[in-house]
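Have a look at upload30.txt; it's compact mmCIF, C-alpha atoms:
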```txt
# COMPACT_ATOMS: atom_id res chain seq x y z
CA MET U 1 2.22 -17.15 -6.33
CA LYS U 2 0.71 -15.95 -9.58
CA PHE U 3 -2.73 -14.37 -9.67
CA GLU U 4 -5.36 -13.60 -12.23
CA VAL U 5 -5.18 -9.81 -12.44
CA SER U 6 -5.55 -7.42 -15.33
CA ASP U 7 -2.62 -5.81 -17.10
CA GLN U 8 -3.91 -2.45 -15.82
CA GLU U 9 -3.59 -3.69 -12.22
CA SER U 10 -0.14 -5.01 -13.01
CA LYS U 11 0.92 -1.56 -14.27
CA LYS U 12 -0.47 0.08 -11.12
CA ALA U 13 1.38 -2.46 -8.95
CA LYS U 14 4.68 -1.52 -10.61
CA VAL U 15 4.41 2.16 -9.65
CA PRO U 16 5.65 1.93 -6.02
CA HIS U 17 8.67 -0.13 -7.04
CA GLU U 18 9.52 2.29 -9.85
CA ILE U 19 9.35 5.24 -7.42
CA PHE U 20 11.57 3.48 -4.90
CA LEU U 21 14.09 2.39 -7.53
CA THR U 22 14.20 5.96 -8.87
CA ASN U 23 15.05 7.15 -5.38
CA LEU U 24 17.73 4.49 -4.85
CA VAL U 25 19.40 4.49 -8.27
CA GLY U 26 18.64 7.94 -9.63
CA ASN U 27 18.87 9.96 -6.43
CA HIS U 28 21.12 8.08 -4.00
CA ILE U 29 23.60 6.81 -6.57
CA LEU U 30 23.62 8.84 -9.79
CA TRP U 31 22.67 12.29 -8.49
CA PHE U 32 24.74 11.86 -5.32
CA ILE U 33 27.91 10.93 -7.25
CA ALA U 34 27.34 13.70 -9.82
CA SER U 35 26.83 16.32 -7.12
CA LEU U 36 29.93 15.23 -5.17
CA GLY U 37 32.04 16.64 -7.98
CA LEU U 38 30.45 20.04 -7.48
CA VAL U 39 30.40 20.15 -3.68
CA ARG U 40 33.45 22.40 -3.29
CA SER U 41 31.90 25.05 -5.54
CA TYR U 42 28.16 24.45 -5.06
CA TRP U 43 26.67 22.62 -2.08
CA GLN U 44 23.06 22.93 -3.26
CA PRO U 45 23.01 19.95 -5.67
CA LEU U 46 24.25 17.68 -2.87
CA ALA U 47 21.61 19.06 -0.51
CA LEU U 48 18.92 17.97 -2.97
CA VAL U 49 19.69 14.28 -2.31
CA PRO U 50 18.12 14.10 1.17
CA VAL U 51 15.31 16.48 0.19
CA VAL U 52 14.27 14.37 -2.80
CA SER U 53 14.69 11.18 -0.78
CA ILE U 54 12.48 12.44 2.06
CA LEU U 55 9.83 13.53 -0.42
CA LEU U 56 9.80 10.20 -2.28
CA LEU U 57 9.91 8.07 0.87
CA GLY U 58 7.20 10.19 2.49
CA TYR U 59 5.01 9.90 -0.60
CA THR U 60 5.51 6.14 -0.69
CA LEU U 61 4.48 5.73 2.95
CA TRP U 62 1.50 8.06 2.54
CA ARG U 63 0.34 6.36 -0.66
CA ALA U 64 0.73 2.88 0.88
CA ARG U 65 -1.52 3.90 3.76
CA ARG U 66 -4.04 5.33 1.30
CA SER U 67 -3.78 2.25 -0.91
CA LYS U 68 -5.55 0.12 1.70
CA ALA U 69 -8.74 2.07 1.03
CA ILE U 70 -8.65 2.82 -2.70
CA ASP U 71 -6.70 0.14 -4.56
CA SER U 72 -7.36 -3.44 -5.52
CA TRP U 73 -5.87 -6.14 -3.33
CA PHE U 74 -2.98 -6.91 -5.69
CA VAL U 75 -1.96 -3.26 -6.07
CA MET U 76 -2.34 -2.64 -2.33
CA CYS U 77 -0.06 -5.56 -1.52
CA HIS U 78 2.67 -4.16 -3.76
CA TRP U 79 2.36 -0.74 -2.10
CA GLN U 80 2.64 -2.38 1.33
CA LEU U 81 5.70 -4.37 0.22
CA CYS U 82 7.40 -1.20 -0.99
CA ALA U 83 6.40 0.71 2.17
CA GLY U 84 8.03 -1.94 4.36
CA ARG U 85 11.26 -1.64 2.43
CA SER U 86 11.04 2.15 2.58
CA ARG U 87 10.79 1.94 6.37
CA ALA U 88 13.88 -0.28 6.46
CA PHE U 89 15.74 2.29 4.34
CA ILE U 90 14.59 5.14 6.60
CA LEU U 91 15.88 3.19 9.61
CA THR U 92 19.26 2.67 7.92
CA LEU U 93 19.51 6.37 7.06
CA SER U 94 18.54 7.29 10.64
CA VAL U 95 21.30 5.09 12.04
CA PHE U 96 23.73 6.75 9.62
CA GLY U 97 22.58 10.18 10.80
CA PHE U 98 23.05 9.17 14.43
CA ILE U 99 26.57 7.87 13.74
CA ALA U 100 27.43 11.09 11.89
CA PHE U 101 26.11 13.06 14.86
CA LEU U 102 28.28 11.00 17.22
CA GLY U 103 31.26 11.72 14.98
CA TRP U 104 30.54 15.44 15.10
CA VAL U 105 30.21 15.32 18.90
CA GLY U 106 33.46 13.35 19.19
CA PHE U 107 35.32 15.80 16.97
CA THR U 108 33.85 18.98 18.46
CA TYR U 109 33.72 18.18 22.17
CA PHE U 110 36.04 15.25 22.79
CA GLY U 111 38.99 16.12 20.58
CA MET U 112 38.82 13.14 18.24
CA LYS U 113 41.06 13.40 15.21
CA GLU U 114 39.35 14.18 11.90
CA VAL U 115 40.71 10.99 10.33
CA ALA U 116 39.29 8.87 13.16
CA VAL U 117 35.89 10.53 12.84
CA MET U 118 35.84 10.02 9.07
CA ALA U 119 36.81 6.37 9.52
CA MET U 120 34.07 5.88 12.10
CA ILE U 121 31.43 7.56 9.95
CA GLY U 122 32.58 5.73 6.83
CA GLY U 123 32.83 2.28 8.36
CA ALA U 124 29.87 2.32 10.72
CA GLY U 125 27.62 4.71 8.78
CA VAL U 126 28.28 4.95 5.04
CA LEU U 127 29.17 1.30 4.42
CA PRO U 128 25.89 -0.10 5.86
CA VAL U 129 23.94 2.47 3.81
CA MET U 130 25.76 1.39 0.63
CA VAL U 131 25.09 -2.30 1.32
CA THR U 132 21.45 -1.56 2.12
CA VAL U 133 21.01 0.40 -1.11
CA LEU U 134 22.51 -2.47 -3.11
CA VAL U 135 20.30 -5.08 -1.43
CA LEU U 136 17.17 -2.94 -1.80
CA ILE U 137 17.88 -2.36 -5.49
CA LEU U 138 18.02 -6.12 -6.01
CA MET U 139 14.86 -6.72 -3.96
CA GLU U 140 12.90 -3.95 -5.65
CA SER U 141 13.99 -5.05 -9.11
CA ASP U 142 12.64 -8.51 -8.30
CA ALA U 143 9.40 -7.03 -6.92
CA LEU U 144 9.02 -4.97 -10.11
CA HIS U 145 9.42 -8.15 -12.15
CA GLN U 146 6.90 -9.95 -9.93
CA ALA U 147 4.37 -7.16 -10.47
CA THR U 148 4.84 -7.55 -14.22
CA GLN U 149 4.34 -11.31 -13.93
CA HIS U 150 1.20 -10.88 -11.74
CA LYS U 151 2.96 -12.42 -8.74
CA LEU U 152 3.25 -11.67 -5.04
CA PRO U 153 5.68 -12.94 -2.41
CA ASN U 154 4.20 -15.48 0.01
CA GLN U 155 4.75 -13.14 2.98
CA MET U 156 2.33 -10.61 1.48
CA ILE U 157 -0.29 -13.29 0.84
CA GLU U 158 -0.02 -14.41 4.46
CA ARG U 159 -0.10 -10.84 5.80
CA TYR U 160 -3.02 -9.68 3.62
CA PRO U 161 -5.09 -12.77 2.80
CA ASN U 162 -7.76 -12.50 0.11
CA PRO U 163 -9.85 -15.63 -0.44
CA ASP U 164 -11.73 -14.01 -3.35
CA ILE U 165 -8.73 -13.67 -5.67
CA ARG U 166 -8.04 -16.53 -8.05
CA ALA U 167 -4.52 -17.97 -8.04
CA ILE U 168 -3.25 -19.24 -11.38
CA GLU U 169 -0.25 -21.18 -10.10
CA GLU U 170 1.71 -21.80 -6.91
```
Output the file's structure in the form of structure tokens.
Amino acid sequence: MKFEVSDQESKKAKVPHEIFLTNLVGNHILWFIASLGLVRSYWQPLALVPVVSILLLGYTLWRARRSKAIDSWFVMCHWQLCAGRSRAFILTLSVFGFIAFLGWVGFTYFGMKEVAVMAMIGGAGVLPVMVTVLVLILMESDALHQATQHKLPNQMIERYPNPDIRAIEE
């Protein structure tokens, strides 16, 4: 649904999606791939990926909570939308971490072969993260476009109703 909001509000509503897309594309894809080439010589660039991700995801969740008190309804809804997707990404990364931990336990204490552990971590851990990143990039790109077009998904309108805002079109 499209709403009558100012261009300034539209710009503010784009911010959470831009932060999240920067994390997904810039950090989890571009920086991660670039730092993989250096990992045998320097591990520090690769270690920046989770650090930057935690900082950006933490900021997004903190700012979304704060947005309920300080932002307009339209901007707040876009922060909440991005925060929900950030939580889904955190859950996916947590599952990956748990699977990697299980692989380490299997290798260290139960004598699993290295190849089997890598296959388990890759298939049950890395692959779901890659698919989630791809899906979230598509969803956030659409949300960024919706913010530009002064639109919100119906689920956000139902979750955070505002009878005072004027809808332009359905």
Minimum-distance residue to His28 (chain U), chosen among U:Ala69, U:Val129, U:Leu91, U:Leu152 (using all atoms listed in the file): U:Val129
Exercise: Ile54 (chain U) partners within 9 Å, all atoms listed in the file, chain neighbours under 5 positions left out, as a PyMOL selection string: chain U and resi 49+59+90
Skipping near chain neighbours, those fewer than 3 positions away, what residues fall within 8 Å of Cys82 (chain U) using all atoms listed in the file, listed as a short mmCIF file (atom, residue, chain, number, x, y, z; two decimals) with C-alpha atoms, in the coordinates of the input?
```cif
data_model
loop_
_atom_site.label_atom_id
_atom_site.label_comp_id
_atom_site.auth_asym_id
_atom_site.auth_seq_id
_atom_site.Cartn_x
_atom_site.Cartn_y
_atom_site.Cartn_z
CA PRO U 16 5.65 1.93 -6.02
CA HIS U 17 8.67 -0.13 -7.04
CA PHE U 20 11.57 3.48 -4.90
CA THR U 60 5.51 6.14 -0.69
CA HIS U 78 2.67 -4.16 -3.76
CA TRP U 79 2.36 -0.74 -2.10
CA ARG U 85 11.26 -1.64 2.43
CA SER U 86 11.04 2.15 2.58
CA GLU U 140 12.90 -3.95 -5.65
#
```
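Between Val133 (chain U) and the residues U:Leu93, U:Leu56, U:Cys77, U:Val5, the shortest atom-to-atom distance, using all atoms listed in the file, involves U:Leu93.
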One-decimal distance in Å that lies between CA of Val126 (chain U) and CA of Ala100 (chain U): 9.2 Å
Length of the CA of Leu24 (chain U) to CA of Val115 (chain U) vector [Å]: 28.3 Å
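The two atoms in question, CA of Leu144 (chain U) and CA of Lys14 (chain U), are spaced 5.6 Å apart.
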Could the centre and edge lengths of an axis-aligned box, enclosing all atoms of region 14-30 of chain U in the file with 8 Å extra on each side, be given in Å to one decimal as JSON?
```
{"center_x": 14.0, "center_y": 4.2, "center_z": -7.3, "size_x": 35.2, "size_y": 27.5, "size_z": 22.6}
```
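Using all atoms listed in the file for every distance, the candidate list U:Leu81, U:Ala124, U:Ile19, U:Ser10 yields U:Leu81 as the residue closest to Gln155 (chain U).
You can rank U:Gly97, U:Gln149, U:Gln44, U:Trp31 by their closest distance to Glu4 (chain U) using all atoms listed in the file, and at the top of that list sits U:Gln149.
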Option closest in space to Val51 (chain U), from U:Arg166, U:Asn23, U:Ala34, U:Phe101 [counting all atoms listed in the file]: U:Asn23
10 Å contact set for Leu134 (chain U), all atoms listed in the file, chain neighbours under 6 positions out, as a PyMOL selection string: chain U and resi 24-25+29+128
Could you write region 59-70 of chain U of the block just shown to a file containing all heavy atoms, as a tab-separated table (two decimals), in the first residue's frame?
```
chain	number	residue	atom	x	y	z
U	59	TYR	N	23.43	-3.05	15.76
U	59	TYR	CA	22.96	-1.67	15.57
U	59	TYR	C	21.55	-1.66	15.00
U	59	TYR	O	20.71	-0.87	15.44
U	59	TYR	CB	23.91	-0.89	14.65
U	59	TYR	CG	23.37	0.48	14.33
U	59	TYR	CD1	23.43	1.49	15.27
U	59	TYR	CD2	22.75	0.74	13.10
U	59	TYR	CE1	22.91	2.75	15.00
U	59	TYR	CE2	22.23	1.99	12.83
U	59	TYR	CZ	22.30	2.99	13.77
U	59	TYR	OH	21.77	4.23	13.51
U	60	THR	N	21.28	-2.52	14.04
U	60	THR	CA	19.95	-2.56	13.43
U	60	THR	C	18.89	-2.91	14.46
U	60	THR	O	17.83	-2.27	14.51
U	60	THR	CB	19.92	-3.58	12.27
U	60	THR	OG1	20.88	-3.18	11.29
U	60	THR	CG2	18.55	-3.66	11.64
U	61	LEU	N	19.15	-3.90	15.29
U	61	LEU	CA	18.17	-4.29	16.31
U	61	LEU	C	18.00	-3.19	17.36
U	61	LEU	O	16.87	-2.89	17.78
U	61	LEU	CB	18.58	-5.60	16.98
U	61	LEU	CG	18.60	-6.82	16.06
U	61	LEU	CD1	19.11	-8.04	16.81
U	61	LEU	CD2	17.22	-7.08	15.47
U	62	TRP	N	19.09	-2.57	17.77
U	62	TRP	CA	19.02	-1.48	18.74
U	62	TRP	C	18.25	-0.29	18.17
U	62	TRP	O	17.37	0.27	18.81
U	62	TRP	CB	20.44	-1.05	19.13
U	62	TRP	CG	20.46	0.20	19.96
U	62	TRP	CD1	20.19	0.30	21.30
U	62	TRP	CD2	20.76	1.51	19.50
U	62	TRP	NE1	20.30	1.61	21.69
U	62	TRP	CE2	20.65	2.37	20.61
U	62	TRP	CE3	21.10	2.05	18.26
U	62	TRP	CZ2	20.87	3.75	20.52
U	62	TRP	CZ3	21.33	3.41	18.18
U	62	TRP	CH2	21.22	4.24	19.30
U	63	ARG	N	18.57	0.06	16.93
U	63	ARG	CA	17.92	1.23	16.30
U	63	ARG	C	16.45	0.97	16.03
U	63	ARG	O	15.61	1.88	16.12
U	63	ARG	CB	18.66	1.57	15.01
U	63	ARG	CG	18.15	2.79	14.28
U	63	ARG	CD	18.28	4.04	15.15
U	63	ARG	NE	17.89	5.22	14.42
U	63	ARG	CZ	16.62	5.62	14.24
U	63	ARG	NH1	15.63	4.93	14.76
U	63	ARG	NH2	16.36	6.71	13.55
U	64	ALA	N	16.08	-0.27	15.70
U	64	ALA	CA	14.68	-0.61	15.48
U	64	ALA	C	13.88	-0.46	16.78
U	64	ALA	O	12.75	0.01	16.77
U	64	ALA	CB	14.55	-2.03	14.94
U	65	ARG	N	14.48	-0.88	17.88
U	65	ARG	CA	13.81	-0.71	19.18
U	65	ARG	C	13.64	0.77	19.50
U	65	ARG	O	12.60	1.20	19.97
U	65	ARG	CB	14.63	-1.42	20.26
U	65	ARG	CG	13.87	-1.68	21.52
U	65	ARG	CD	14.62	-2.55	22.53
U	65	ARG	NE	15.49	-3.56	21.95
U	65	ARG	CZ	16.81	-3.56	22.06
U	65	ARG	NH1	17.43	-2.61	22.73
U	65	ARG	NH2	17.53	-4.52	21.50
U	66	ARG	N	14.66	1.54	19.23
U	66	ARG	CA	14.63	2.99	19.49
U	66	ARG	C	13.68	3.70	18.53
U	66	ARG	O	13.08	4.72	18.89
U	66	ARG	CB	16.04	3.54	19.34
U	66	ARG	CG	16.21	4.93	19.81
U	66	ARG	CD	17.68	5.28	19.93
U	66	ARG	NE	17.80	6.67	20.27
U	66	ARG	CZ	18.32	7.59	19.46
U	66	ARG	NH1	18.80	7.24	18.29
U	66	ARG	NH2	18.37	8.85	19.83
U	67	SER	N	13.53	3.17	17.34
U	67	SER	CA	12.69	3.78	16.32
U	67	SER	C	11.23	3.90	16.75
U	67	SER	O	10.53	4.81	16.33
U	67	SER	CB	12.78	2.97	15.04
U	67	SER	OG	11.94	3.50	14.06
U	68	LYS	N	10.78	2.97	17.59
U	68	LYS	CA	9.39	3.01	18.05
U	68	LYS	C	9.07	4.29	18.82
U	68	LYS	O	7.94	4.73	18.84
U	68	LYS	CB	9.07	1.79	18.92
U	68	LYS	CG	9.06	0.50	18.14
U	68	LYS	CD	8.76	-0.67	19.04
U	68	LYS	CE	8.73	-1.96	18.25
U	68	LYS	NZ	8.46	-3.12	19.10
U	69	ALA	N	10.09	4.90	19.42
U	69	ALA	CA	9.87	6.10	20.22
U	69	ALA	C	10.20	7.39	19.49
U	69	ALA	O	9.63	8.44	19.82
U	69	ALA	CB	10.71	6.02	21.49
U	70	ILE	N	11.09	7.35	18.50
U	70	ILE	CA	11.57	8.62	17.94
U	70	ILE	C	11.21	8.88	16.49
U	70	ILE	O	11.31	10.01	16.03
U	70	ILE	CB	13.11	8.75	18.11
U	70	ILE	CG1	13.83	7.70	17.28
U	70	ILE	CG2	13.51	8.69	19.56
U	70	ILE	CD1	15.33	7.92	17.19
```
